[in-house]
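Structure data follow from query.cif (mmCIF, C-alpha atoms):
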```
data_data
#
loop_
_atom_site.label_atom_id
_atom_site.label_comp_id
_atom_site.auth_asym_id
_atom_site.auth_seq_id
_atom_site.Cartn_x
_atom_site.Cartn_y
_atom_site.Cartn_z
CA MET N 37 0.00 0.00 0.00
CA SER N 38 3.05 2.25 0.29
CA ASP N 39 3.03 2.74 -3.48
CA ALA N 40 -0.62 3.78 -3.29
CA ARG N 41 0.27 6.36 -0.64
CA THR N 42 3.07 7.70 -2.81
CA GLN N 43 0.77 7.98 -5.82
CA PHE N 44 -1.95 9.67 -3.75
CA ALA N 45 0.56 12.18 -2.40
CA ALA N 46 1.58 12.89 -5.99
CA CYS N 47 -2.07 13.52 -6.87
CA GLU N 48 -2.42 15.99 -4.03
CA ALA N 49 0.79 17.74 -5.09
CA LEU N 50 -0.60 18.16 -8.61
CA LEU N 51 -3.77 19.63 -7.20
CA ASN N 52 -1.86 22.02 -4.96
CA ASP N 53 0.13 23.17 -7.99
CA GLY N 54 -3.10 23.92 -9.87
CA ALA N 55 -2.71 21.04 -12.33
CA VAL N 56 -6.35 19.99 -11.98
CA ASP N 57 -6.64 17.94 -15.17
CA ALA N 58 -3.40 16.08 -14.46
CA CYS N 59 -4.58 15.41 -10.91
CA ALA N 60 -7.91 14.04 -12.16
CA THR N 61 -6.11 11.72 -14.58
CA ALA N 62 -3.72 10.52 -11.89
CA ALA N 63 -6.59 9.91 -9.45
CA GLU N 64 -8.45 7.88 -12.06
CA THR N 65 -5.34 5.78 -12.68
CA LEU N 66 -4.95 5.28 -8.94
CA THR N 67 -8.52 4.02 -8.45
CA LYS N 68 -8.10 1.59 -11.34
CA GLN N 69 -4.94 0.22 -9.78
CA TYR N 70 -6.26 0.34 -6.21
CA PRO N 71 -10.08 0.23 -6.46
CA LYS N 72 -10.48 0.20 -2.66
CA HIS N 73 -8.56 3.46 -2.15
CA ALA N 74 -11.35 5.55 -0.58
CA ARG N 75 -9.42 8.81 -0.48
CA ALA N 76 -8.66 8.57 -4.19
CA TRP N 77 -12.39 8.15 -4.87
CA CYS N 78 -13.00 11.25 -2.75
CA LEU N 79 -10.50 13.13 -4.88
CA ARG N 80 -12.22 11.96 -8.06
CA ALA N 81 -15.55 13.10 -6.64
CA ALA N 82 -14.18 16.56 -5.92
CA LEU N 83 -12.76 16.90 -9.44
CA ALA N 84 -15.63 15.34 -11.38
CA PRO N 85 -17.07 17.78 -13.97
CA GLN N 86 -20.63 16.50 -13.58
CA ALA N 87 -22.62 16.37 -10.33
CA SER N 88 -23.95 12.88 -11.11
CA GLU N 89 -20.42 11.58 -11.64
CA ALA N 90 -19.21 13.24 -8.44
CA LEU N 91 -22.03 11.59 -6.51
CA LYS N 92 -21.21 8.16 -7.94
CA HIS N 93 -17.55 8.46 -6.90
CA ALA N 94 -18.43 9.84 -3.45
CA GLU N 95 -20.88 7.01 -2.79
CA ARG N 96 -18.17 4.52 -3.73
CA ALA N 97 -15.78 6.17 -1.25
CA LYS N 98 -18.38 6.17 1.53
CA ALA N 99 -19.16 2.48 0.92
CA LEU N 100 -15.47 1.63 1.24
CA LYS N 101 -14.75 3.70 4.38
CA PRO N 102 -18.05 4.85 5.93
CA ASP N 103 -16.45 6.22 9.11
CA LEU N 104 -13.81 8.44 7.51
CA ASP N 105 -14.51 12.16 7.81
CA CYS N 106 -13.24 12.74 4.29
CA THR N 107 -15.68 10.24 2.75
CA ARG N 108 -18.62 11.74 4.62
CA THR N 109 -17.58 15.24 3.55
CA ALA N 110 -17.08 14.15 -0.05
CA LEU N 111 -20.54 12.56 -0.15
CA ALA N 112 -22.18 15.61 1.43
CA ARG N 113 -20.56 17.95 -1.09
CA ALA N 114 -21.56 15.74 -4.00
CA LEU N 115 -25.14 15.60 -2.74
CA VAL N 116 -25.24 19.40 -2.50
CA ARG N 117 -23.89 19.70 -6.04
CA ARG N 118 -26.59 17.35 -7.26
CA ALA N 119 -29.24 19.34 -5.36
CA VAL N 120 -28.08 22.60 -6.92
CA GLU N 121 -28.19 20.98 -10.34
CA ALA N 122 -31.75 19.76 -9.72
CA GLY N 123 -32.88 23.36 -9.22
CA LYS N 124 -36.21 24.84 -8.17
CA ALA N 125 -38.14 22.80 -10.70
CA HIS N 126 -37.48 19.63 -8.69
CA SER N 127 -38.00 20.82 -5.12
CA ASP N 128 -38.76 17.38 -3.63
CA THR N 129 -35.60 15.91 -5.12
CA ARG N 130 -33.54 18.88 -4.00
CA ILE N 131 -34.86 18.68 -0.44
CA ALA N 132 -34.19 14.93 -0.25
CA LEU N 133 -30.61 15.38 -1.48
CA LEU N 134 -29.90 18.19 0.98
CA GLU N 135 -31.34 16.15 3.83
CA ARG N 136 -29.03 13.28 2.86
CA ALA N 137 -26.09 15.71 2.83
CA LEU N 138 -26.93 16.91 6.32
CA ALA N 139 -27.08 13.32 7.56
CA GLU N 140 -23.37 13.18 6.64
CA THR N 141 -22.33 16.65 7.86
CA PRO N 142 -25.03 17.84 10.28
CA ASP N 143 -23.08 20.93 11.39
CA ASP N 144 -22.79 22.58 7.98
CA PRO N 145 -24.66 25.93 8.16
CA LYS N 146 -24.47 26.53 4.40
CA THR N 147 -26.31 23.29 3.68
CA TRP N 148 -28.91 24.08 6.35
CA TYR N 149 -29.42 27.45 4.65
CA ARG N 150 -29.89 25.78 1.27
CA LEU N 151 -32.40 23.38 2.83
CA GLY N 152 -34.26 26.30 4.37
CA ARG N 153 -34.55 27.98 0.99
CA ALA N 154 -35.66 24.76 -0.68
CA ARG N 155 -38.34 24.11 1.93
CA ARG N 156 -39.54 27.72 1.77
CA GLU N 157 -39.87 27.49 -2.01
CA ALA N 158 -41.85 24.27 -1.51
CA LYS N 159 -44.21 26.20 0.86
CA ASP N 160 -43.06 24.20 3.91
CA LEU N 161 -42.63 27.27 6.08
CA ALA N 162 -42.33 25.44 9.41
CA GLY N 163 -39.68 23.12 8.00
CA ALA N 164 -37.88 26.08 6.41
CA ALA N 165 -37.80 27.96 9.71
CA ASP N 166 -36.39 24.89 11.47
CA ALA N 167 -33.61 24.66 8.88
CA PHE N 168 -32.79 28.39 8.99
CA GLU N 169 -32.58 28.28 12.78
CA LYS N 170 -29.77 25.72 12.53
CA CYS N 171 -27.54 28.19 10.65
CA GLY N 172 -26.02 29.75 13.75
CA ASP N 173 -25.43 33.50 13.71
CA ASP N 174 -26.11 33.99 9.99
CA ALA N 175 -28.16 37.22 9.83
CA ARG N 176 -29.90 36.21 6.61
CA ALA N 177 -30.96 32.90 8.11
CA LYS N 178 -32.34 34.62 11.21
CA PHE N 179 -34.33 36.97 8.98
CA TRP N 180 -35.79 34.15 6.90
CA ALA N 181 -36.57 32.08 9.98
CA ALA N 182 -38.53 35.01 11.40
CA CYS N 183 -40.35 35.50 8.07
CA CYS N 184 -41.31 31.84 7.93
CA ARG N 185 -42.54 31.98 11.53
CA GLY N 186 -44.54 35.14 10.83
CA ASP N 187 -42.38 37.08 13.28
CA PRO N 188 -41.62 40.67 12.10
CA SER N 189 -38.91 41.25 14.73
CA GLU N 190 -35.92 40.60 12.47
CA ASP N 191 -34.85 43.28 9.97
CA ALA N 192 -33.58 42.20 6.57
CA PRO N 193 -29.76 42.26 6.60
CA ILE N 194 -28.10 44.84 4.39
CA GLU N 195 -26.28 42.10 2.45
CA HIS N 196 -29.60 40.45 1.66
CA LEU N 197 -31.10 43.68 0.34
CA GLU N 198 -28.01 44.41 -1.75
CA ALA N 199 -28.15 40.99 -3.39
CA LEU N 200 -31.92 41.24 -3.89
CA TYR N 201 -31.78 44.57 -5.72
CA ASP N 202 -28.62 43.72 -7.63
CA GLY N 203 -30.59 40.86 -9.17
CA TYR N 204 -33.63 43.09 -9.69
CA ALA N 205 -31.85 45.98 -11.45
CA GLY N 206 -32.16 44.62 -14.97
CA ARG N 207 -35.96 44.40 -14.89
CA TYR N 208 -36.72 47.06 -12.28
CA ASP N 209 -37.89 49.82 -14.63
CA ALA N 210 -40.16 47.58 -16.68
CA HIS N 211 -41.61 45.93 -13.58
CA LEU N 212 -42.46 49.22 -11.85
CA SER N 213 -43.67 51.05 -14.93
CA ASP N 214 -45.44 48.27 -16.84
CA ALA N 215 -46.38 45.55 -14.37
CA LEU N 216 -47.03 47.68 -11.27
CA ARG N 217 -47.88 50.93 -13.11
CA SER N 218 -46.14 52.83 -10.33
CA GLN N 219 -46.70 56.59 -10.23
CA ALA N 220 -44.38 57.15 -7.27
CA PRO N 221 -41.72 59.20 -9.16
CA GLU N 222 -44.32 61.59 -10.56
CA LEU N 223 -46.20 61.91 -7.25
CA VAL N 224 -43.02 62.63 -5.29
CA ALA N 225 -41.88 65.19 -7.85
CA GLU N 226 -45.29 66.85 -7.85
CA SER N 227 -45.17 67.22 -4.06
CA VAL N 228 -42.05 69.40 -4.35
CA ARG N 229 -42.81 71.10 -7.67
CA GLY N 230 -41.08 74.43 -8.09
CA THR N 231 -38.85 74.03 -5.03
CA LYS N 232 -35.71 74.67 -7.11
CA ALA N 233 -33.43 73.37 -4.38
CA ARG N 234 -29.78 74.09 -5.05
CA LYS N 235 -29.02 70.41 -4.65
CA ALA N 236 -31.24 67.43 -3.87
CA LEU N 237 -30.52 63.90 -2.73
CA ASP N 238 -32.55 61.06 -4.26
CA CYS N 239 -32.52 58.53 -1.44
CA GLY N 240 -32.99 54.98 -2.61
CA CYS N 241 -32.58 56.26 -6.15
CA GLY N 242 -32.77 52.79 -7.66
CA THR N 243 -32.23 52.97 -11.40
CA GLY N 244 -32.98 56.70 -11.47
CA LEU N 245 -36.68 56.69 -12.32
CA SER N 246 -37.32 59.76 -10.16
CA GLY N 247 -34.49 61.83 -11.61
CA ARG N 248 -36.30 63.02 -14.72
CA ALA N 249 -39.54 63.66 -12.83
CA LEU N 250 -37.73 65.85 -10.28
CA PHE N 251 -36.10 67.94 -12.99
CA ASP N 252 -39.33 68.24 -14.98
CA ALA N 253 -41.05 69.54 -11.85
CA GLU N 254 -38.23 72.05 -11.28
CA ALA N 255 -37.73 70.55 -7.84
CA CYS N 256 -33.94 70.91 -7.93
CA LEU N 257 -31.06 72.34 -9.90
CA GLN N 258 -28.65 69.49 -9.18
CA LEU N 259 -29.29 65.94 -8.07
CA ASP N 260 -27.27 63.29 -6.27
CA GLY N 261 -28.37 59.73 -5.62
CA VAL N 262 -27.70 57.00 -3.09
CA ASP N 263 -28.75 53.34 -3.14
CA LEU N 264 -27.75 50.11 -1.41
CA SER N 265 -27.38 48.24 -4.71
CA GLU N 266 -24.35 48.84 -6.91
CA ALA N 267 -26.22 47.44 -9.92
CA MET N 268 -28.99 49.98 -9.32
CA CYS N 269 -26.40 52.75 -8.93
CA GLU N 270 -24.86 51.87 -12.28
CA LYS N 271 -28.26 52.20 -13.95
CA ALA N 272 -28.85 55.58 -12.29
CA ARG N 273 -25.41 56.86 -13.34
CA ALA N 274 -26.12 55.84 -16.93
CA THR N 275 -29.10 58.24 -17.09
CA GLY N 276 -26.72 61.22 -16.91
CA LEU N 277 -29.15 63.02 -14.58
CA TYR N 278 -27.10 62.75 -11.41
CA GLU N 279 -24.01 64.69 -10.41
CA ASP N 280 -22.98 61.77 -8.23
CA VAL N 281 -24.48 58.39 -7.32
CA ALA N 282 -23.07 56.66 -4.25
CA LYS N 283 -23.56 53.10 -3.10
CA GLY N 284 -24.43 53.09 0.57
CA GLU N 285 -27.01 53.37 3.31
CA LEU N 286 -29.31 56.33 3.72
CA CYS N 287 -28.41 57.22 7.31
CA PRO N 288 -24.68 57.93 6.75
CA CYS N 289 -25.51 60.02 3.68
CA ALA N 290 -28.22 61.92 5.55
CA GLY N 291 -25.79 62.51 8.39
CA VAL N 292 -23.29 64.12 6.03
CA LEU N 293 -25.99 66.39 4.66
CA HIS N 294 -27.25 67.38 8.10
CA SER N 295 -23.73 68.37 9.10
CA ASN N 296 -23.86 71.21 6.54
CA GLU N 297 -25.67 74.43 7.33
CA GLU N 298 -28.47 74.97 4.83
CA THR N 299 -31.04 77.64 4.31
CA PRO N 300 -34.69 76.63 3.98
CA ASN N 301 -34.49 77.35 0.25
CA ASP N 302 -31.63 74.87 -0.10
CA ARG N 303 -33.49 72.07 1.61
CA ASN N 304 -32.79 68.68 0.07
CA VAL N 305 -35.53 66.73 -1.61
CA ARG N 306 -35.60 63.22 -0.17
CA ARG N 307 -37.37 60.16 -1.41
CA ALA N 308 -37.65 56.63 -0.03
CA ASP N 309 -38.94 54.09 -2.54
#
```
Using structure tokens, write down the structure from this file.
Amino acid sequence: MSDARTQFAACEALLNDGAVDACATAAETLTKQYPKHARAWCLRAALAPQASEALKHAERAKALKPDLDCTRTALARALVRRAVEAGKAHSDTRIALLERALAETPDDPKTWYRLGRARREAKDLAGAADAFEKCGDDARAKFWAACCRGDPSEDAPIEHLEALYDGYAGRYDAHLSDALRSQAPELVAESVRGTKARKALDCGCGTGLSGRALFDAEACLQLDGVDLSEAMCEKARATGLYEDVAKGELCPCAGVLHSNEETPNDRNVRRAD
């Protein structure tokens, strides 16, 4: 078995050097020569290009050495890969795979979080909350657990909101204007028509839908914007309506503005979408 150890060490060295393809080839050769080498099967599972292939190799490793931590970890990771590949369209399959993964590595918060999402999407809110509550101190998981329990005590974490609106930026304008028929930009602008503030701050500017309405209503002479989402900020900058668009929270920006002495005529126009 000493030769097997030497060959496995060589495989690991290839992987550490970034020679992934060479490592995969060497690991395959090793399992053909030593078909009961569980660690080599784990390595093949980790390097397999397809989730189904990774799962097959990981199950082989677990069958050979069921008590090794590395075989349990390899199987759990392969099961998660297969669950991700299954996607939302196969929620029952995804949930079953994630539950199997957690049977192998029950202390993995990322897998518990994935299970929480899968159960929530399958409308199993109690099961989703149970899964989210096993994620430790993850702020997003605490938020979703509270949502699933119907408890409004937890605020959405900033990171969650950033990711949500980053993904929303591409369809935000069409959704608000066409699907929701939102009149918020026009109504806000109308409420401050003729103000002609020297400079205004569009808080939660999103993609910049309010910018044109504010200028058309002569509400300001110059306009800055601030939004949590960088993708939203990029859309707002592209309108050319804003002097500056900053990614950030409202409170720090408001604090900067309040630190300046302003006359009533220079009052900033603020909006919260």
So which one's closest to Ala132 (chain N), N:Asp144, N:Leu151, N:Leu212, N:Leu245? Using all atoms listed in the file, please.
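For Ala132 (chain N), the nearest of the candidates is N:Leu151.
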Within 10 Å of region 248-265 of chain N: each region 160-216 of chain N residue with its shortest pair, only C-alpha atoms, as CSV:
```
residue,atom,partner,partner_atom,distance
N:Ile194,CA,N:Leu264,CA,7.8
N:Glu195,CA,N:Leu264,CA,9.0
N:Leu197,CA,N:Leu264,CA,7.5
N:Glu198,CA,N:Ser265,CA,4.9
N:Ala199,CA,N:Ser265,CA,7.4
N:Leu200,CA,N:Ser265,CA,8.4
N:Tyr201,CA,N:Ser265,CA,5.8
N:Asp202,CA,N:Ser265,CA,5.5
N:Gly203,CA,N:Ser265,CA,9.2
N:Tyr204,CA,N:Ser265,CA,9.5
N:Ala205,CA,N:Ser265,CA,8.4
```
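If you look at CA of Ala274 (chain N) and CA of Gly206 (chain N), they are 12.9 Å away from each other.
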Evaluate the PyMOL selection byres ((chain N and resi 88-98) around 12) against this structure - the residues, as a PyMOL selection string, please.
chain N and resi 60+63-64+67+71-87+99-122+133+136-137+140
When you count all atoms listed in the file, which of these residues is closest to Val224 (chain N): N:His211, N:Asp57, N:Cys239, N:Thr141?
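Closest residue, counting all atoms listed in the file: N:Cys239.
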Mind pulling up the distance from CA of Glu157 (chain N) to CA of Ser127 (chain N)?
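According to the coordinates, CA of Ser127 (chain N) and CA of Glu157 (chain N) are separated by 7.6 Å.
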Skip Ile131 (chain N) itself and residues of its chain fewer than 3 positions away, then list as number ranges by chain all residues within 7 Å of it, counting all atoms listed in the file.
N: 127-128, 134-135, 151, 154-155
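Coordinates place CA of Gly172 (chain N) at a distance of 12.4 Å from CA of Pro142 (chain N).
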Which residue of N:Glu285, N:Glu190, N:Asp209, N:Asp214 approaches Ala272 (chain N) most closely, using all atoms listed in the file
N:Asp209
Applying the PyMOL selection byres ((chain N and resi 47) around 10) to the file I just gave you, which residues come out? Please list them as a ChimeraX atom specification.
/N:41-46,48-53,55-56,58-64,66,76,79
Using all atoms listed in the file, which residues sit within 12 Å of Ala192 (chain N) once same-chain residues fewer than 3 positions away are excluded, as a PyMOL selection string?
chain N and resi 174-183+188-189+195-200
Write out, as a PDB file, keeping the file's coordinate frame, the residues just selected, with C-alpha atoms.
```
ATOM      1  CA  ASP N 174     -26.110  33.990   9.990  1.00  0.00           C
ATOM      2  CA  ALA N 175     -28.160  37.220   9.830  1.00  0.00           C
ATOM      3  CA  ARG N 176     -29.900  36.210   6.610  1.00  0.00           C
ATOM      4  CA  ALA N 177     -30.960  32.900   8.110  1.00  0.00           C
ATOM      5  CA  LYS N 178     -32.340  34.620  11.210  1.00  0.00           C
ATOM      6  CA  PHE N 179     -34.330  36.970   8.980  1.00  0.00           C
ATOM      7  CA  TRP N 180     -35.790  34.150   6.900  1.00  0.00           C
ATOM      8  CA  ALA N 181     -36.570  32.080   9.980  1.00  0.00           C
ATOM      9  CA  ALA N 182     -38.530  35.010  11.400  1.00  0.00           C
ATOM     10  CA  CYS N 183     -40.350  35.500   8.070  1.00  0.00           C
ATOM     11  CA  PRO N 188     -41.620  40.670  12.100  1.00  0.00           C
ATOM     12  CA  SER N 189     -38.910  41.250  14.730  1.00  0.00           C
ATOM     13  CA  GLU N 195     -26.280  42.100   2.450  1.00  0.00           C
ATOM     14  CA  HIS N 196     -29.600  40.450   1.660  1.00  0.00           C
ATOM     15  CA  LEU N 197     -31.100  43.680   0.340  1.00  0.00           C
ATOM     16  CA  GLU N 198     -28.010  44.410  -1.750  1.00  0.00           C
ATOM     17  CA  ALA N 199     -28.150  40.990  -3.390  1.00  0.00           C
ATOM     18  CA  LEU N 200     -31.920  41.240  -3.890  1.00  0.00           C
TER      19      LEU N 200
END
```
Around all of region 178-186 of chain N's listed atoms, make the axis-aligned box with 6 Å on each side and tell me centre and edge lengths in Å to one decimal, as lines of an AutoDock Vina configuration file.
```
center_x = -38.4
center_y = 34.4
center_z = 9.2
size_x = 24.2
size_y = 17.1
size_z = 16.6
```
Among N:Gly123, N:Gly242, N:Gly230, N:Pro221, Arg150 (chain N) is approached most closely, using only C-alpha atoms, by N:Gly123
Working from the structure I just supplied, which lacks atoms in region 54-79 of chain N, can you model N, CA and C atoms there and output them as a tab-separated table (two decimals), in the frame of the given file?
```
chain	number	residue	atom	x	y	z
N	54	GLY	N	-2.11	23.41	-8.92
N	54	GLY	CA	-3.10	23.92	-9.87
N	54	GLY	C	-3.25	23.08	-11.13
N	55	ALA	N	-2.61	21.92	-11.16
N	55	ALA	CA	-2.71	21.04	-12.33
N	55	ALA	C	-3.92	20.13	-12.15
N	56	VAL	N	-5.11	20.70	-12.30
N	56	VAL	CA	-6.35	19.99	-11.98
N	56	VAL	C	-6.57	18.81	-12.92
N	57	ASP	N	-6.40	19.02	-14.21
N	57	ASP	CA	-6.64	17.94	-15.17
N	57	ASP	C	-5.66	16.78	-14.95
N	58	ALA	N	-4.40	17.12	-14.71
N	58	ALA	CA	-3.40	16.08	-14.46
N	58	ALA	C	-3.72	15.33	-13.17
N	59	CYS	N	-4.20	16.05	-12.17
N	59	CYS	CA	-4.58	15.41	-10.91
N	59	CYS	C	-5.75	14.46	-11.12
N	60	ALA	N	-6.75	14.88	-11.90
N	60	ALA	CA	-7.91	14.04	-12.16
N	60	ALA	C	-7.50	12.76	-12.88
N	61	THR	N	-6.59	12.89	-13.84
N	61	THR	CA	-6.11	11.72	-14.58
N	61	THR	C	-5.35	10.77	-13.66
N	62	ALA	N	-4.50	11.34	-12.81
N	62	ALA	CA	-3.72	10.52	-11.89
N	62	ALA	C	-4.62	9.82	-10.87
N	63	ALA	N	-5.66	10.51	-10.41
N	63	ALA	CA	-6.59	9.91	-9.45
N	63	ALA	C	-7.37	8.77	-10.09
N	64	GLU	N	-7.74	8.95	-11.35
N	64	GLU	CA	-8.45	7.88	-12.06
N	64	GLU	C	-7.55	6.65	-12.21
N	65	THR	N	-6.30	6.88	-12.56
N	65	THR	CA	-5.34	5.78	-12.68
N	65	THR	C	-5.18	5.06	-11.34
N	66	LEU	N	-5.13	5.85	-10.27
N	66	LEU	CA	-4.95	5.28	-8.94
N	66	LEU	C	-6.13	4.39	-8.54
N	67	THR	N	-7.36	4.83	-8.83
N	67	THR	CA	-8.52	4.02	-8.45
N	67	THR	C	-8.63	2.76	-9.30
N	68	LYS	N	-8.10	2.80	-10.52
N	68	LYS	CA	-8.10	1.59	-11.34
N	68	LYS	C	-7.09	0.58	-10.79
N	69	GLN	N	-5.98	1.11	-10.31
N	69	GLN	CA	-4.94	0.22	-9.78
N	69	GLN	C	-5.28	-0.25	-8.37
N	70	TYR	N	-5.89	0.64	-7.59
N	70	TYR	CA	-6.26	0.34	-6.21
N	70	TYR	C	-7.74	0.71	-6.01
N	71	PRO	N	-8.64	-0.12	-6.47
N	71	PRO	CA	-10.08	0.23	-6.46
N	71	PRO	C	-10.68	0.40	-5.07
N	72	LYS	N	-9.96	0.02	-4.02
N	72	LYS	CA	-10.48	0.20	-2.66
N	72	LYS	C	-9.83	1.39	-1.94
N	73	HIS	N	-9.21	2.27	-2.72
N	73	HIS	CA	-8.56	3.46	-2.15
N	73	HIS	C	-9.63	4.55	-1.99
N	74	ALA	N	-10.22	4.64	-0.81
N	74	ALA	CA	-11.35	5.55	-0.58
N	74	ALA	C	-10.98	7.01	-0.80
N	75	ARG	N	-9.81	7.41	-0.34
N	75	ARG	CA	-9.42	8.81	-0.48
N	75	ARG	C	-9.26	9.21	-1.95
N	76	ALA	N	-8.79	8.27	-2.76
N	76	ALA	CA	-8.66	8.57	-4.19
N	76	ALA	C	-10.04	8.76	-4.82
N	77	TRP	N	-11.03	7.97	-4.38
N	77	TRP	CA	-12.39	8.15	-4.87
N	77	TRP	C	-12.95	9.50	-4.43
N	78	CYS	N	-12.59	9.92	-3.22
N	78	CYS	CA	-13.00	11.25	-2.75
N	78	CYS	C	-12.42	12.34	-3.65
N	79	LEU	N	-11.15	12.16	-4.01
N	79	LEU	CA	-10.50	13.13	-4.88
N	79	LEU	C	-11.18	13.16	-6.24
```
